[in-house]
Amino acid sequence: MRTVLAGDIGGTKCRFALVSADFGVHLVQRVSTVREQGQFVAGMQEAVRAILTQCEHLEVGGEPLEAPSALGFGTAGVIPTDGSSVNHAPNLPLEGFPMAQWLLDEFGLPVTLINDGRASAWGEYLRGHAAGQDPLLCLFLGTGIGIGLIVDGKPYGGGNNAAGEIGHTIYRPGGRRCPCGRLGHYEAYCGGRAITERAAEEIGPAPSGRWTVGNLVSLSQEPGDDPRAGKARQILEEAAEAFCALVSNCCVLLNPSAIVLGGGVLAGWPGLRDRIVAHVHDMTNEPIRAKLQFVPSMGGSDAILWGAAAATGALWTPSS
C-alpha cells in the first residue's frame, strides 16, 4: 500500500506520521514547537528519521506498507507560490528558512508544503463529517486561527497563495497587539496564544503554573466575587465576541455549504461552539443560514496529515 510521510507543523506542537492510502496514520512522532530555529529543525529532523527507520517491513491488516514516496507538510503561515519556504508565521521560527530544499537534501524525497488550514480543510473534505460538501469552510481556533476553504474539490489559495489569513484581518483598529506585531487583529483577541498570554499579564500565574484555555474557563466559573474569576470572564467574553464576529463575517462573505469548527481552544472551551452557531443564525440572513451545516472536526490533527498527504498527489487524485 502506498504511503506519504506527512507533518502537521503548529505553533504549540508538531506531529509527523506515515499516512497510507486507506487514510491510516502510523508511527506518529510528536515534537514540541520551540522558538529557536536550530533546535526546531533538529527536532523535526529527528522525528522524520525515526519514522523512516521504523517503516521498513510495516504491515497493516496483512498488507505491507511501501516506503513513503513523498513528504507533505501542513504548516502555519504563507507558502510562496514556488513552495519553497514558510513565511509570515509568527508562532514558528521558520521565516527565511529554505524548508523544502532542506527536506529534499536531508531525506531525498519530493516535498510539498501547504498551509495547515488548507490541509485541514482538504482532509475534512476527503474523510470528515462534511466529506464532499462544497464549498467547505474549516475554522480552527488553536494557538493561532487556521482557516481552509475548499472550492470545486480543491483548497483555495488565492492569487499569490496567501489567501486565508483571516486571523490577521482587522477586528478593532488600533486594538490589542497581535503576535505578528500589528494591532487589532482577530488573533490578538481569540487566538489561543493571545488568550493565555493576556491571562498571564492581567491575572498573574496560573494555578497549575501555565495558563491554558481550559483552566481559564474553569477559573471563570468559580462562584463568588473573586477578581481573578471576573478577569477570566472578561478575557473569555472578549474572545467569544471576536470569534463569533469572525465566523459570521466568513459566512456572509463565502456562503459555505458546511463549516467545520475545531482546534484546541474549542476543545478546552466546550460552550463556545454552541454560542458561535447561535450567533451565526441570529446575525445572518436566510439565504446564508438556510442550509448551512455546522459539523465537528472528524480528523483533528489527522485531518492536517490527510490533507498534507493529498497535496503531494502521491496517494489520491483530487476527485477521490
# chains A, B, ... in the order shown; residues from 1 in each chain; ligands from 1
>>> residues_around(residues="Val78 of chain A", least_positions_apart="5", cutoff="9 Å", atoms="only C-alpha atoms", output="ChimeraX atom specification")
/A:85-89,114-115,161-163,165
>>> write_last_selection(atoms="C-alpha atoms", output="PDB file, in the first residue's frame")
ATOM      1  CA  SER A  85       9.504  28.044   2.469  1.00  0.00           C
ATOM      2  CA  VAL A  86       7.203  29.144   5.282  1.00  0.00           C
ATOM      3  CA  ASN A  87       6.680  32.892   5.694  1.00  0.00           C
ATOM      4  CA  HIS A  88       4.633  35.185   7.927  1.00  0.00           C
ATOM      5  CA  ALA A  89       4.139  32.560  10.653  1.00  0.00           C
ATOM      6  CA  ILE A 114       0.750  23.505   2.226  1.00  0.00           C
ATOM      7  CA  ASN A 115      -0.854  25.947   4.645  1.00  0.00           C
ATOM      8  CA  ASN A 161      -1.088  31.502  -2.432  1.00  0.00           C
ATOM      9  CA  ALA A 162      -1.649  33.795   0.542  1.00  0.00           C
ATOM     10  CA  ALA A 163      -5.435  33.556   0.956  1.00  0.00           C
ATOM     11  CA  GLU A 165      -5.021  34.549   6.910  1.00  0.00           C
TER      12      GLU A 165
END
>>> residues_around(residues="Glu46 of chain A", least_positions_apart="2", cutoff="12 Å", atoms="only C-alpha atoms", output="mmCIF file with N, CA and C atoms, in the first residue's frame")
data_model
loop_
_atom_site.group_PDB
_atom_site.id
_atom_site.type_symbol
_atom_site.label_atom_id
_atom_site.label_comp_id
_atom_site.auth_asym_id
_atom_site.auth_seq_id
_atom_site.Cartn_x
_atom_site.Cartn_y
_atom_site.Cartn_z
ATOM 1 N N ARG A 15 3.482 17.293 14.665
ATOM 2 C CA ARG A 15 3.139 15.872 14.635
ATOM 3 C C ARG A 15 3.488 15.334 13.253
ATOM 4 N N PHE A 16 4.200 14.228 13.234
ATOM 5 C CA PHE A 16 4.631 13.617 11.987
ATOM 6 C C PHE A 16 4.183 12.157 11.990
ATOM 7 N N GLN A 29 5.038 10.599 15.503
ATOM 8 C CA GLN A 29 6.079 11.250 16.303
ATOM 9 C C GLN A 29 5.607 12.661 16.645
ATOM 10 N N ARG A 30 5.739 13.045 17.913
ATOM 11 C CA ARG A 30 5.328 14.380 18.363
ATOM 12 C C ARG A 30 6.538 15.167 18.840
ATOM 13 N N VAL A 31 6.557 16.455 18.504
ATOM 14 C CA VAL A 31 7.665 17.338 18.875
ATOM 15 C C VAL A 31 7.073 18.662 19.350
ATOM 16 N N GLN A 39 17.109 24.508 16.991
ATOM 17 C CA GLN A 39 16.519 23.468 17.830
ATOM 18 C C GLN A 39 15.244 22.916 17.192
ATOM 19 N N PHE A 40 14.464 23.805 16.597
ATOM 20 C CA PHE A 40 13.230 23.377 15.944
ATOM 21 C C PHE A 40 13.535 22.421 14.794
ATOM 22 N N VAL A 41 14.464 22.796 13.935
ATOM 23 C CA VAL A 41 14.812 21.981 12.771
ATOM 24 C C VAL A 41 15.385 20.637 13.210
ATOM 25 N N ALA A 42 16.210 20.629 14.268
ATOM 26 C CA ALA A 42 16.781 19.377 14.763
ATOM 27 C C ALA A 42 15.691 18.427 15.251
ATOM 28 N N GLY A 43 14.680 18.967 15.936
ATOM 29 C CA GLY A 43 13.579 18.131 16.405
ATOM 30 C C GLY A 43 12.793 17.537 15.248
ATOM 31 N N MET A 44 12.557 18.344 14.215
ATOM 32 C CA MET A 44 11.848 17.857 13.039
ATOM 33 C C MET A 44 12.658 16.768 12.339
ATOM 34 N N VAL A 48 11.339 12.838 11.721
ATOM 35 C CA VAL A 48 11.197 12.248 10.382
ATOM 36 C C VAL A 48 12.109 11.035 10.239
ATOM 37 N N ARG A 49 13.332 11.130 10.727
ATOM 38 C CA ARG A 49 14.258 9.993 10.628
ATOM 39 C C ARG A 49 13.727 8.792 11.413
ATOM 40 N N ALA A 50 13.109 9.032 12.560
ATOM 41 C CA ALA A 50 12.569 7.930 13.353
ATOM 42 C C ALA A 50 11.490 7.175 12.581
ATOM 43 N N ILE A 51 10.632 7.910 11.873
ATOM 44 C CA ILE A 51 9.583 7.258 11.082
ATOM 45 C C ILE A 51 10.184 6.473 9.930
ATOM 46 N N LEU A 52 11.129 7.079 9.225
ATOM 47 C CA LEU A 52 11.745 6.393 8.091
ATOM 48 C C LEU A 52 12.472 5.128 8.532
ATOM 49 N N THR A 53 13.056 5.156 9.714
ATOM 50 C CA THR A 53 13.762 3.985 10.232
ATOM 51 C C THR A 53 12.788 2.873 10.594
ATOM 52 N N GLU A 106 17.929 16.486 2.929
ATOM 53 C CA GLU A 106 18.066 15.573 4.070
ATOM 54 C C GLU A 106 17.522 14.187 3.783
ATOM 55 N N PHE A 107 16.378 14.104 3.076
ATOM 56 C CA PHE A 107 15.667 12.827 3.002
ATOM 57 C C PHE A 107 15.484 12.303 1.580
#
>>> residues_around(residues="Tyr189 of chain A", least_positions_apart="4", cutoff="7 Å", atoms="only C-alpha atoms", output="list in words")
Ala194, Ile195, Glu238, Ala239 and Ala242 of chain A
>>> residues_around(residues="Leu219 of chain A", least_positions_apart="2", cutoff="8 Å", atoms="only C-alpha atoms", output="PyMOL selection string")
chain A and resi 215-217+221-222+228-229+232
>>> closest_atom_pairs(of="segment 26-141 of chain A", to="segment 17-20 of chain A", cutoff="8 Å", atoms="only C-alpha atoms", output="tab-separated table")
residue	atom	partner	partner_atom	distance
A:His26	CA	A:Leu18	CA	5.0
A:Leu27	CA	A:Ala17	CA	5.5
A:Val28	CA	A:Ala17	CA	4.4
A:Gln29	CA	A:Ala17	CA	6.3
A:Ile51	CA	A:Ala17	CA	6.9
A:Cys55	CA	A:Leu18	CA	7.9
A:Leu65	CA	A:Ser20	CA	7.4
A:Pro68	CA	A:Leu18	CA	7.4
>>> residues_around(residues="Arg289 of chain A", least_positions_apart="4", cutoff="9 Å", atoms="only C-alpha atoms", output="JSON, numbers by chain")
{"A": [251, 255, 280, 281, 284, 285, 293]}
>>> closest_residue(among="A:Cys190, A:Leu71, A:Ile203, A:Gly96", to="Glu241 of chain A", atoms="only C-alpha atoms")
A:Cys190
>>> closest_residue(among="A:Leu109, A:Gly74, A:Ala303, A:Pro256", to="Asp152 of chain A", atoms="only C-alpha atoms")
A:Pro256
>>> closest_residue(among="A:Gly62, A:Gly264, A:Asp116, A:Ala258", to="Ala290 of chain A", atoms="only C-alpha atoms")
A:Ala258
>>> select_by_dssp(residues="segment 54-230 of chain A", states="alpha helix (DSSP H)", output="ChimeraX atom specification")
/A:54,99-107,116-127,187-190,192-202,213-220,227-230
>>> write_last_selection(atoms="C-alpha atoms", output="mmCIF file, in the first residue's frame")
data_model
loop_
_atom_site.group_PDB
_atom_site.id
_atom_site.type_symbol
_atom_site.label_atom_id
_atom_site.label_comp_id
_atom_site.auth_asym_id
_atom_site.auth_seq_id
_atom_site.Cartn_x
_atom_site.Cartn_y
_atom_site.Cartn_z
ATOM 1 C CA GLN A 54 10.684 2.241 11.640
ATOM 2 C CA MET A 99 12.484 24.387 4.244
ATOM 3 C CA ALA A 100 11.561 22.485 1.072
ATOM 4 C CA GLN A 101 15.156 22.324 -0.179
ATOM 5 C CA TRP A 102 16.421 21.342 3.275
ATOM 6 C CA LEU A 103 13.929 18.475 3.496
ATOM 7 C CA LEU A 104 14.817 17.311 -0.029
ATOM 8 C CA ASP A 105 18.534 17.399 0.764
ATOM 9 C CA GLU A 106 18.066 15.573 4.070
ATOM 10 C CA PHE A 107 15.667 12.827 3.002
ATOM 11 C CA ASP A 116 -2.197 23.964 7.596
ATOM 12 C CA GLY A 117 -5.691 25.445 7.397
ATOM 13 C CA ARG A 118 -5.949 24.339 3.774
ATOM 14 C CA ALA A 119 -4.514 20.934 4.645
ATOM 15 C CA SER A 120 -7.124 20.532 7.394
ATOM 16 C CA ALA A 121 -9.930 21.518 5.070
ATOM 17 C CA TRP A 122 -8.756 19.102 2.383
ATOM 18 C CA GLY A 123 -8.536 16.284 4.930
ATOM 19 C CA GLU A 124 -12.017 17.015 6.256
ATOM 20 C CA TYR A 125 -13.363 17.201 2.701
ATOM 21 C CA LEU A 126 -11.890 13.814 1.841
ATOM 22 C CA ARG A 127 -12.631 11.956 5.065
ATOM 23 C CA GLU A 187 -5.887 36.692 16.507
ATOM 24 C CA ALA A 188 -4.997 39.220 19.204
ATOM 25 C CA TYR A 189 -8.422 38.609 20.752
ATOM 26 C CA CYS A 190 -9.354 34.996 20.076
ATOM 27 C CA GLY A 192 -5.171 30.685 21.918
ATOM 28 C CA ARG A 193 -1.710 32.190 22.397
ATOM 29 C CA ALA A 194 -3.152 35.686 22.802
ATOM 30 C CA ILE A 195 -5.804 34.485 25.276
ATOM 31 C CA THR A 196 -3.312 32.717 27.542
ATOM 32 C CA GLU A 197 -0.690 35.480 27.321
ATOM 33 C CA ARG A 198 -3.332 38.008 28.288
ATOM 34 C CA ALA A 199 -4.320 35.819 31.253
ATOM 35 C CA ALA A 200 -0.708 35.749 32.442
ATOM 36 C CA GLU A 201 -0.436 39.537 32.099
ATOM 37 C CA GLU A 202 -3.745 40.505 33.681
ATOM 38 C CA VAL A 213 -7.838 27.996 27.761
ATOM 39 C CA GLY A 214 -9.275 25.107 29.766
ATOM 40 C CA ASN A 215 -8.046 26.292 33.154
ATOM 41 C CA LEU A 216 -9.063 29.858 32.281
ATOM 42 C CA VAL A 217 -12.597 28.580 31.598
ATOM 43 C CA SER A 218 -12.544 26.732 34.929
ATOM 44 C CA LEU A 219 -11.471 29.886 36.759
ATOM 45 C CA SER A 220 -14.225 31.897 35.073
ATOM 46 C CA PRO A 227 -11.488 39.393 40.926
ATOM 47 C CA ARG A 228 -9.364 36.752 39.165
ATOM 48 C CA ALA A 229 -12.515 34.936 38.067
ATOM 49 C CA GLY A 230 -14.017 38.229 36.930
#
>>> atom_distance(atom1="atom CA of Cys14 of chain A", atom2="atom CA of Thr33 of chain A")
6.3 Å
>>> atom_distance(atom1="atom CA of Ala308 of chain A", atom2="atom CA of Asp8 of chain A")
8.0 Å
>>> residues_around(residues="Val260 of chain A", least_positions_apart="6", cutoff="9 Å", atoms="only C-alpha atoms", output="compact mmCIF listing (two decimals) with N, CA and C atoms, in the first residue's frame")
# COMPACT_ATOMS: atom_id res chain seq x y z
N ALA A 121 -8.70 21.50 5.84
CA ALA A 121 -9.93 21.52 5.07
C ALA A 121 -9.95 20.40 4.04
N GLU A 124 -10.61 17.13 5.86
CA GLU A 124 -12.02 17.01 6.26
C GLU A 124 -12.92 16.77 5.05
N HIS A 129 -16.64 14.55 8.66
CA HIS A 129 -18.09 14.55 8.77
C HIS A 129 -18.74 15.37 7.66
N ALA A 130 -18.00 16.28 7.06
CA ALA A 130 -18.53 17.10 5.96
C ALA A 130 -17.95 16.66 4.63
N LEU A 136 -16.68 24.10 1.24
CA LEU A 136 -16.50 23.69 2.64
C LEU A 136 -15.53 24.66 3.31
N LEU A 137 -15.97 25.25 4.42
CA LEU A 137 -15.14 26.16 5.20
C LEU A 137 -14.74 25.50 6.50
N CYS A 138 -13.47 25.50 6.80
CA CYS A 138 -12.96 24.95 8.06
C CYS A 138 -12.28 26.06 8.85
N LEU A 139 -12.65 26.18 10.11
CA LEU A 139 -12.06 27.18 11.00
C LEU A 139 -11.52 26.47 12.23
N PHE A 140 -10.26 26.71 12.52
CA PHE A 140 -9.60 26.04 13.62
C PHE A 140 -9.01 27.08 14.57
N GLN A 293 -24.63 23.84 7.39
CA GLN A 293 -24.38 22.80 8.39
C GLN A 293 -23.12 23.14 9.18
N PHE A 294 -23.19 22.97 10.49
CA PHE A 294 -22.00 23.04 11.34
C PHE A 294 -21.67 21.62 11.78
N VAL A 295 -20.44 21.21 11.57
CA VAL A 295 -20.04 19.86 11.97
C VAL A 295 -18.72 19.93 12.73
N PRO A 296 -18.49 19.00 13.65
CA PRO A 296 -17.20 18.97 14.34
C PRO A 296 -16.12 18.39 13.45
N SER A 297 -14.90 18.70 13.78
CA SER A 297 -13.78 18.09 13.07
C SER A 297 -13.77 16.60 13.34
N MET A 298 -13.62 15.82 12.29
CA MET A 298 -13.51 14.37 12.45
C MET A 298 -12.07 13.96 12.70
>>> closest_residue(among="A:Gly148, A:Gly224, A:Gly142, A:Pro98", to="Gly263 of chain A", atoms="only C-alpha atoms")
A:Gly142
>>> closest_residue(among="A:Gly24, A:Gly38, A:Pro179, A:Gly153", to="Thr3 of chain A", atoms="only C-alpha atoms")
A:Gly24
>>> closest_residue(among="A:Gly262, A:Ser84, A:Leu236, A:Val4", to="Phe97 of chain A", atoms="only C-alpha atoms")
A:Ser84
>>> residues_around(residues="Pro135 of chain A", least_positions_apart="6", cutoff="6 Å", atoms="only C-alpha atoms", output="list in words")
Ile150, Val151, Pro256 and Ser257 of chain A
>>> write_last_selection(atoms="C-alpha atoms", output="PDB file, in the first residue's frame")
ATOM      1  CA  ILE A 150     -12.493  24.027  -0.386  1.00  0.00           C
ATOM      2  CA  VAL A 151     -13.942  25.142  -3.728  1.00  0.00           C
ATOM      3  CA  PRO A 256     -20.320  27.851   2.522  1.00  0.00           C
ATOM      4  CA  SER A 257     -22.417  24.689   2.419  1.00  0.00           C
TER       5      SER A 257
END
>>> select_by_dssp(residues="segment 52-298 of chain A", states="strand (DSSP E or B)", output="MDAnalysis selection string")
chainID A and resid 59:60 63:64 71:75 78 87 111:115 136:141 145:151 154:155 170 177 183 185 258:262 293:296
